[in-house]
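Here the structure comes first, spelled out in structure tokens, and everything after it is commentary.
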Amino acid sequence: MEDEEMEKKVQQYLHRKGFRLTELALQEERNRLSTTSLSDVSLSRSDNDPARYYDGYNKLRTWAYNSLDQYKHELLRVLYPVFIHCFMDLVAEGHTQEARSFFHRFREDHELMHSRDLQKLEGILSPLHLEEMDLARSLRENKFRIKLCEYSYELLLQYLQKTQALVMLGIINERIIFEVSAGQPSLISDDADVVALVGTSKDLAKQINQKEVHWGLLEDSVEERMEKALSDSDKTEAESKDADAEDNNKKKSSEGGKQGGPLNKKLKKDKVVGAAGKNNKSEASMVSAAPRVKPELTLPATPVEVEQSILEDLRNRAQLNNLALPSVSFYTFLNTHNGLNCSSISNDGSLVVGGFSDSSVKVWDMAKIGQPAKTSSSQGENGSSQGEHLSSTSEGKRPYTLFQGHSGPVYSAAFSPFGDFLLSSSSDSTIRLWSTKLNANLVCYKGHNYPVWDVQFSPVGHYFASASHDRTARIWSMDKIQPLRIMAGHLADVDCVQWHVNCNYIATGSSDKTVRLWDVQTGECIRMFIGHRSMVLSLAMSPDGRYMASGDEDGTIMMWDLSTGRCVSPLAGHNSCVWSLAFSCEGALLASGSADCTVKLWDVASSTKALKVDDTKAGSTNRLRLLKALPTKSTPVYNLRFSRRNLLFATGALSLGS
């Protein structure tokens, strides 16, 4: 077969299969070879002239910024991957000085969206750094996924064909995967979700997200039994009240006269009020509609006194929605001198714990704040405790229980669901279990090899999960000193961990900008959520178990549907790190706390209702509606928690009190 005929067959095959970029590259190469000699091919990628990167990128950048406004924001998405790969290719070829000039010349274009990555890449000064730096290695080994509309994609191909920009074409062909969609271009506000480094994990993520997730609640759980008992007692009371009202009505109506009119009006009013209450309850109990699943872990028995406490809390629970918002009980640590690393609140809000850089853990009883009291201290790995001693005058104002045992800064602390135990994790790579009743250290858990950033009890207690700098999350049981499961797969630190409400899954957020969902029984990843542009710092699960919220270092909050694995409502929630997220008990509200010194309340119920209506539209997303922003004077918000009575508690810290 002749060479020309062979080339035609290959080109027809590429055209038929839709390999447009490859077809374009082949055509450009053939035209160039037919019109010039080999010595004239100075713009090919094999040439060692560093100026070809500068010229190629500068022309692509100018073209993108001069494009039609309707498509400009989509075409600009291509610039960042091309920019960083031009820079790294220059470094890899040994043109360090040219690479630095290129980097500083065009850095400003990407400072807003990728400032943290640029700060890390700025430290690359030699080809050896490309191998040693995790970020650079990840960028070179993986590909970017970019979403474009069909017309934007056609414009890009036409530009590459007309300009014969082989260097840019080579980088785009090797480093970018395009997801082309029909119709109008996506919104500018969706940019956080349309550019992501997925690389070889793209197919892996699709494969993982096809696995089944049973997102419902535990069948025959304590709260469900208590809610049934409560609803039965409410029905009985309501029926008895209705019977009494009917008897009184009959007696009064038999008297006749003018009293009949007002009496009927009162009855109608009572019916209207009752109907409104029922609607409120039906909206508040969205949780009851969730499917029920069997537990994969052996769950501990619940003591009778705990069941009675839960029943009392449910009876006194406030019903929250977009019209009935909670106030915030905010606890502020003063004069911490940057020593407070973490804080947490017990489920009923009665206890507050702080983890400090001096390796200490301190617990405050809110009922004793302001009262002169003694300070107890517990110390040591074996649980030996010192006797109580009188607090100093400065400590007497804020009585606390001091727990000492860690040998490094404490980065996380968490109470058990009923407040009788406390977990703390530290840079010494250990996790310690403390008794809040005995004021003693019970167990020291060793398994991680590096600092442990986060630790969380399961919703039923007994089990807990940890997240570490060693890029793993681990599941533990209080009665075993070794982990039950090790979840490995993240490409960087695991910064936060959160249990699913049915205890069958845990979610982890990482510095690799992804969130993963893990099966506690098998230890395998069953969901990978991609969309954040910076490290993920906080997670929260909705009470019905279907949705998960995640917050990152840039202030972005994303809500995910666990069943489909897609983001249902991305939003720029804050101006700084989102350190804490919490759903209200009925799932109607989401609270977020941030380093920008605000607590914000978001309307979840309306957006999820709209989502269920639009479930047939695969790409539909809804924005969470901001209901209220509650600013503090100058106090960053460390932690948020809704109690079982739907009271919202928050903690924050000031380095110097005022």
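Labels for the structure tokens follow display order: chains A, B, ..., residues from 1 in each chain, ligands from 1.
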Review point. DSSP says strand (DSSP E) for which residues of range 393-620 of chain A? Put them as number ranges by chain?
Key: A: 400-404, 410-415, 421-426, 430-435, 440-446, 452-457, 463-468, 472-477, 485-488, 494-499, 505-510, 514-519, 525-530, 536-541, 547-552, 556-561, 566-572, 578-583, 589-594, 598-603
Point to revise | For Lys206 in chain A, the nearest of the candidates A:Asn142, A:Asn31, A:Gln70, A:Thr564, counting only C-alpha atoms | key: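 So, comparing all the options, the nearest one is A:Thr564.
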Exercise for review: Mind listing the helix (DSSP H, G or I) residues of range 29-215 of chain A, per DSSP on the backbone, as number ranges by chain?
Suggested key: A: 29-35, 38-40, 51-65, 69-92, 96-121, 127-132, 134-141, 150-163, 166-175, 188-194, 201-208
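Of the listed residues A:Lys633, A:Leu590, A:Gly565, A:Tyr463, the one whose atoms come nearest to Lys211 in chain A is A:Gly565, with distances taken using only C-alpha atoms.
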Practice item. Just give me the gap between CA of Phe330 in chain A and CA of Leu640 in chain A in Å, one decimal is fine. Key: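 Between these atoms lies a distance of 9.1 Å.
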Check your understanding: At what distance in Å, to one decimal, does CA of Cys567 in chain A lie from CA of Tyr65 in chain A?
Key ->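 Those two atoms sit 29.1 Å apart.
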Exercise for review: Fewer than 3 positions away in the same chain doesn't count, so skip those; otherwise give me all residues within 8 Å of Ala595 in chain A, counting only C-alpha atoms, as a PyMOL selection string.
Suggested key: chain A and resi 576-579+598+635-638
Exercise for review: May I have the residues within 7 Å of Ala591 in chain A as a ChimeraX atom specification, using only C-alpha atoms and disregarding those fewer than 3 positions away in the same chain?
Suggested key: /A:581-583,599-602
Limited to N, CA, C and O atoms, could you put the picked residues into a file as a short mmCIF file (atom, residue, chain, number, x, y, z; two decimals), in the first residue's frame?
data_model
loop_
_atom_site.label_atom_id
_atom_site.label_comp_id
_atom_site.auth_asym_id
_atom_site.auth_seq_id
_atom_site.Cartn_x
_atom_site.Cartn_y
_atom_site.Cartn_z
N LEU A 581 -18.68 22.31 60.25
CA LEU A 581 -19.99 22.21 59.62
C LEU A 581 -20.89 21.36 60.50
O LEU A 581 -20.42 20.41 61.15
N ALA A 582 -22.18 21.68 60.54
CA ALA A 582 -23.12 20.90 61.34
C ALA A 582 -24.53 21.01 60.77
O ALA A 582 -24.98 22.11 60.43
N PHE A 583 -25.21 19.86 60.63
CA PHE A 583 -26.61 19.83 60.22
C PHE A 583 -27.50 19.89 61.45
O PHE A 583 -27.16 19.32 62.51
N VAL A 599 -20.62 32.78 61.70
CA VAL A 599 -21.40 31.54 61.63
C VAL A 599 -22.52 31.81 60.62
O VAL A 599 -23.21 32.82 60.72
N LYS A 600 -22.66 30.93 59.65
CA LYS A 600 -23.69 31.12 58.62
C LYS A 600 -24.66 29.95 58.63
O LYS A 600 -24.26 28.79 58.85
N LEU A 601 -25.94 30.27 58.42
CA LEU A 601 -27.00 29.27 58.40
C LEU A 601 -27.55 29.17 56.98
O LEU A 601 -27.91 30.18 56.37
N TRP A 602 -27.61 27.94 56.45
CA TRP A 602 -28.01 27.69 55.06
C TRP A 602 -29.29 26.86 55.01
O TRP A 602 -29.49 25.98 55.84
#
Exercise for review: Report the distance between CA of Val497 in chain A and CA of Leu484 in chain A in Å, rounded to one decimal place.
Suggested key: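 Result for CA of Val497 in chain A versus CA of Leu484 in chain A: 15.8 Å, one decimal.
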Practice item. Using only C-alpha atoms, determine which residues lie at most 8 Å from Ser584 in chain A, disregarding the query and same-chain residues fewer than 3 positions distant; provide the list as a list in words. Key: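 With the cut-off at 8 Å, the set is Leu320, Pro543, Gly587, Ala588, Leu589, Leu590, Ala591, Phe642 and Asn646 of chain A.
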How would the residues just picked look written out with all heavy atoms as a PDB file, in the first residue's frame?
ATOM      1  N   LEU A 320     -36.718  23.382  63.807  1.00  0.00           N
ATOM      2  CA  LEU A 320     -36.056  24.442  63.050  1.00  0.00           C
ATOM      3  C   LEU A 320     -36.375  24.327  61.566  1.00  0.00           C
ATOM      4  O   LEU A 320     -36.513  23.231  61.037  1.00  0.00           O
ATOM      5  CB  LEU A 320     -34.536  24.364  63.241  1.00  0.00           C
ATOM      6  CG  LEU A 320     -34.008  24.465  64.672  1.00  0.00           C
ATOM      7  CD1 LEU A 320     -32.496  24.356  64.680  1.00  0.00           C
ATOM      8  CD2 LEU A 320     -34.444  25.775  65.318  1.00  0.00           C
ATOM      9  N   PRO A 543     -28.767  14.235  58.731  1.00  0.00           N
ATOM     10  CA  PRO A 543     -29.367  13.264  59.652  1.00  0.00           C
ATOM     11  C   PRO A 543     -30.017  12.061  58.964  1.00  0.00           C
ATOM     12  O   PRO A 543     -30.105  10.994  59.548  1.00  0.00           O
ATOM     13  CB  PRO A 543     -30.427  14.088  60.399  1.00  0.00           C
ATOM     14  CG  PRO A 543     -29.954  15.487  60.292  1.00  0.00           C
ATOM     15  CD  PRO A 543     -29.292  15.588  58.963  1.00  0.00           C
ATOM     16  N   GLY A 587     -32.367  18.080  59.673  1.00  0.00           N
ATOM     17  CA  GLY A 587     -31.707  18.200  58.387  1.00  0.00           C
ATOM     18  C   GLY A 587     -32.136  19.385  57.556  1.00  0.00           C
ATOM     19  O   GLY A 587     -31.738  19.506  56.397  1.00  0.00           O
ATOM     20  N   ALA A 588     -32.927  20.301  58.103  1.00  0.00           N
ATOM     21  CA  ALA A 588     -33.424  21.431  57.324  1.00  0.00           C
ATOM     22  C   ALA A 588     -32.385  22.541  57.189  1.00  0.00           C
ATOM     23  O   ALA A 588     -32.425  23.311  56.230  1.00  0.00           O
ATOM     24  CB  ALA A 588     -34.694  21.994  57.960  1.00  0.00           C
ATOM     25  N   LEU A 589     -31.456  22.632  58.153  1.00  0.00           N
ATOM     26  CA  LEU A 589     -30.469  23.708  58.156  1.00  0.00           C
ATOM     27  C   LEU A 589     -29.056  23.147  58.199  1.00  0.00           C
ATOM     28  O   LEU A 589     -28.812  22.066  58.751  1.00  0.00           O
ATOM     29  CB  LEU A 589     -30.664  24.627  59.370  1.00  0.00           C
ATOM     30  CG  LEU A 589     -32.036  25.268  59.575  1.00  0.00           C
ATOM     31  CD1 LEU A 589     -32.027  26.104  60.842  1.00  0.00           C
ATOM     32  CD2 LEU A 589     -32.414  26.127  58.367  1.00  0.00           C
ATOM     33  N   LEU A 590     -28.128  23.895  57.600  1.00  0.00           N
ATOM     34  CA  LEU A 590     -26.702  23.601  57.699  1.00  0.00           C
ATOM     35  C   LEU A 590     -26.014  24.830  58.284  1.00  0.00           C
ATOM     36  O   LEU A 590     -26.198  25.943  57.796  1.00  0.00           O
ATOM     37  CB  LEU A 590     -26.113  23.279  56.323  1.00  0.00           C
ATOM     38  CG  LEU A 590     -24.587  23.098  56.275  1.00  0.00           C
ATOM     39  CD1 LEU A 590     -24.168  21.845  57.024  1.00  0.00           C
ATOM     40  CD2 LEU A 590     -24.098  23.040  54.825  1.00  0.00           C
ATOM     41  N   ALA A 591     -25.243  24.624  59.346  1.00  0.00           N
ATOM     42  CA  ALA A 591     -24.477  25.714  59.957  1.00  0.00           C
ATOM     43  C   ALA A 591     -23.010  25.552  59.590  1.00  0.00           C
ATOM     44  O   ALA A 591     -22.481  24.435  59.573  1.00  0.00           O
ATOM     45  CB  ALA A 591     -24.652  25.708  61.472  1.00  0.00           C
ATOM     46  N   PHE A 642     -24.965  20.983  66.855  1.00  0.00           N
ATOM     47  CA  PHE A 642     -26.372  21.011  67.226  1.00  0.00           C
ATOM     48  C   PHE A 642     -26.598  19.917  68.272  1.00  0.00           C
ATOM     49  O   PHE A 642     -26.229  18.758  68.060  1.00  0.00           O
ATOM     50  CB  PHE A 642     -27.272  20.724  66.017  1.00  0.00           C
ATOM     51  CG  PHE A 642     -27.541  21.926  65.156  1.00  0.00           C
ATOM     52  CD1 PHE A 642     -26.800  22.157  64.017  1.00  0.00           C
ATOM     53  CD2 PHE A 642     -28.543  22.828  65.488  1.00  0.00           C
ATOM     54  CE1 PHE A 642     -27.039  23.254  63.210  1.00  0.00           C
ATOM     55  CE2 PHE A 642     -28.799  23.938  64.695  1.00  0.00           C
ATOM     56  CZ  PHE A 642     -28.044  24.150  63.555  1.00  0.00           C
ATOM     57  N   ASN A 646     -31.714  20.451  69.372  1.00  0.00           N
ATOM     58  CA  ASN A 646     -31.593  21.409  68.268  1.00  0.00           C
ATOM     59  C   ASN A 646     -31.092  22.781  68.726  1.00  0.00           C
ATOM     60  O   ASN A 646     -31.393  23.796  68.102  1.00  0.00           O
ATOM     61  CB  ASN A 646     -32.922  21.570  67.516  1.00  0.00           C
ATOM     62  CG  ASN A 646     -32.840  20.964  66.126  1.00  0.00           C
ATOM     63  OD1 ASN A 646     -31.748  20.693  65.620  1.00  0.00           O
ATOM     64  ND2 ASN A 646     -33.979  20.761  65.505  1.00  0.00           N
TER      65      ASN A 646
END
Practice item. Would you list the contacts of Glu98 in chain A as a list in words, taking every protein, DNA or RNA residue within 10 Å and counting only C-alpha atoms, but skipping same-chain residues closer than 4 positions in sequence? Key: Pro50, Ala51, Tyr53, Tyr54, Phe87, Leu90, Val91, Gly94, Phe102 and Phe103 of chain A
Review point. Can you tell me, as a list in words, what residues are no more than 8 Å from Leu217 in chain A when counting only C-alpha atoms, ignoring any on the same chain fewer than 2 positions away?
Key: Trp215, Glu219, Ala290, Pro291, Arg292, Val293, Val501, Asn502, Asp544 and Gly545 of chain A
**Study point:** Among listed residues A:Arg474, A:Phe415, A:Arg315, A:Gly183, nearest Pro459 in chain A (using only C-alpha atoms)
**Key:**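 Of A:Arg474, A:Phe415, A:Arg315, A:Gly183, the one nearest Pro459 in chain A, counting only C-alpha atoms, is A:Phe415.
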**Study point:** Nearest to Arg566 in chain A by atom-to-atom distance, counting only C-alpha atoms, from A:Leu537, A:Met528, A:Ala473, A:Leu422
**Key:** A:Met528
Point to revise | Nearest-residue call for Val536 in chain A, choices A:Asn338, A:Asn504, A:Ser563, A:Ser580, using only C-alpha atoms | key: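 Ranking A:Asn338, A:Asn504, A:Ser563, A:Ser580 by distance to Val536 in chain A, first place goes to A:Ser580.
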Quick one: contact table of range 68-148 of chain A to range 508-511 of chain A, 12 Å max, nearest atom pair and distance in Å to one decimal per residue, counting only C-alpha atoms, chain and number order, as JSON lines?
{"residue": "A:Arg116", "atom": "CA", "partner": "A:Ser511", "partner_atom": "CA", "distance": 11.4}
{"residue": "A:Asp117", "atom": "CA", "partner": "A:Ser511", "partner_atom": "CA", "distance": 11.5}
{"residue": "A:Asp134", "atom": "CA", "partner": "A:Ser511", "partner_atom": "CA", "distance": 11.2}
{"residue": "A:Leu135", "atom": "CA", "partner": "A:Ser511", "partner_atom": "CA", "distance": 10.5}
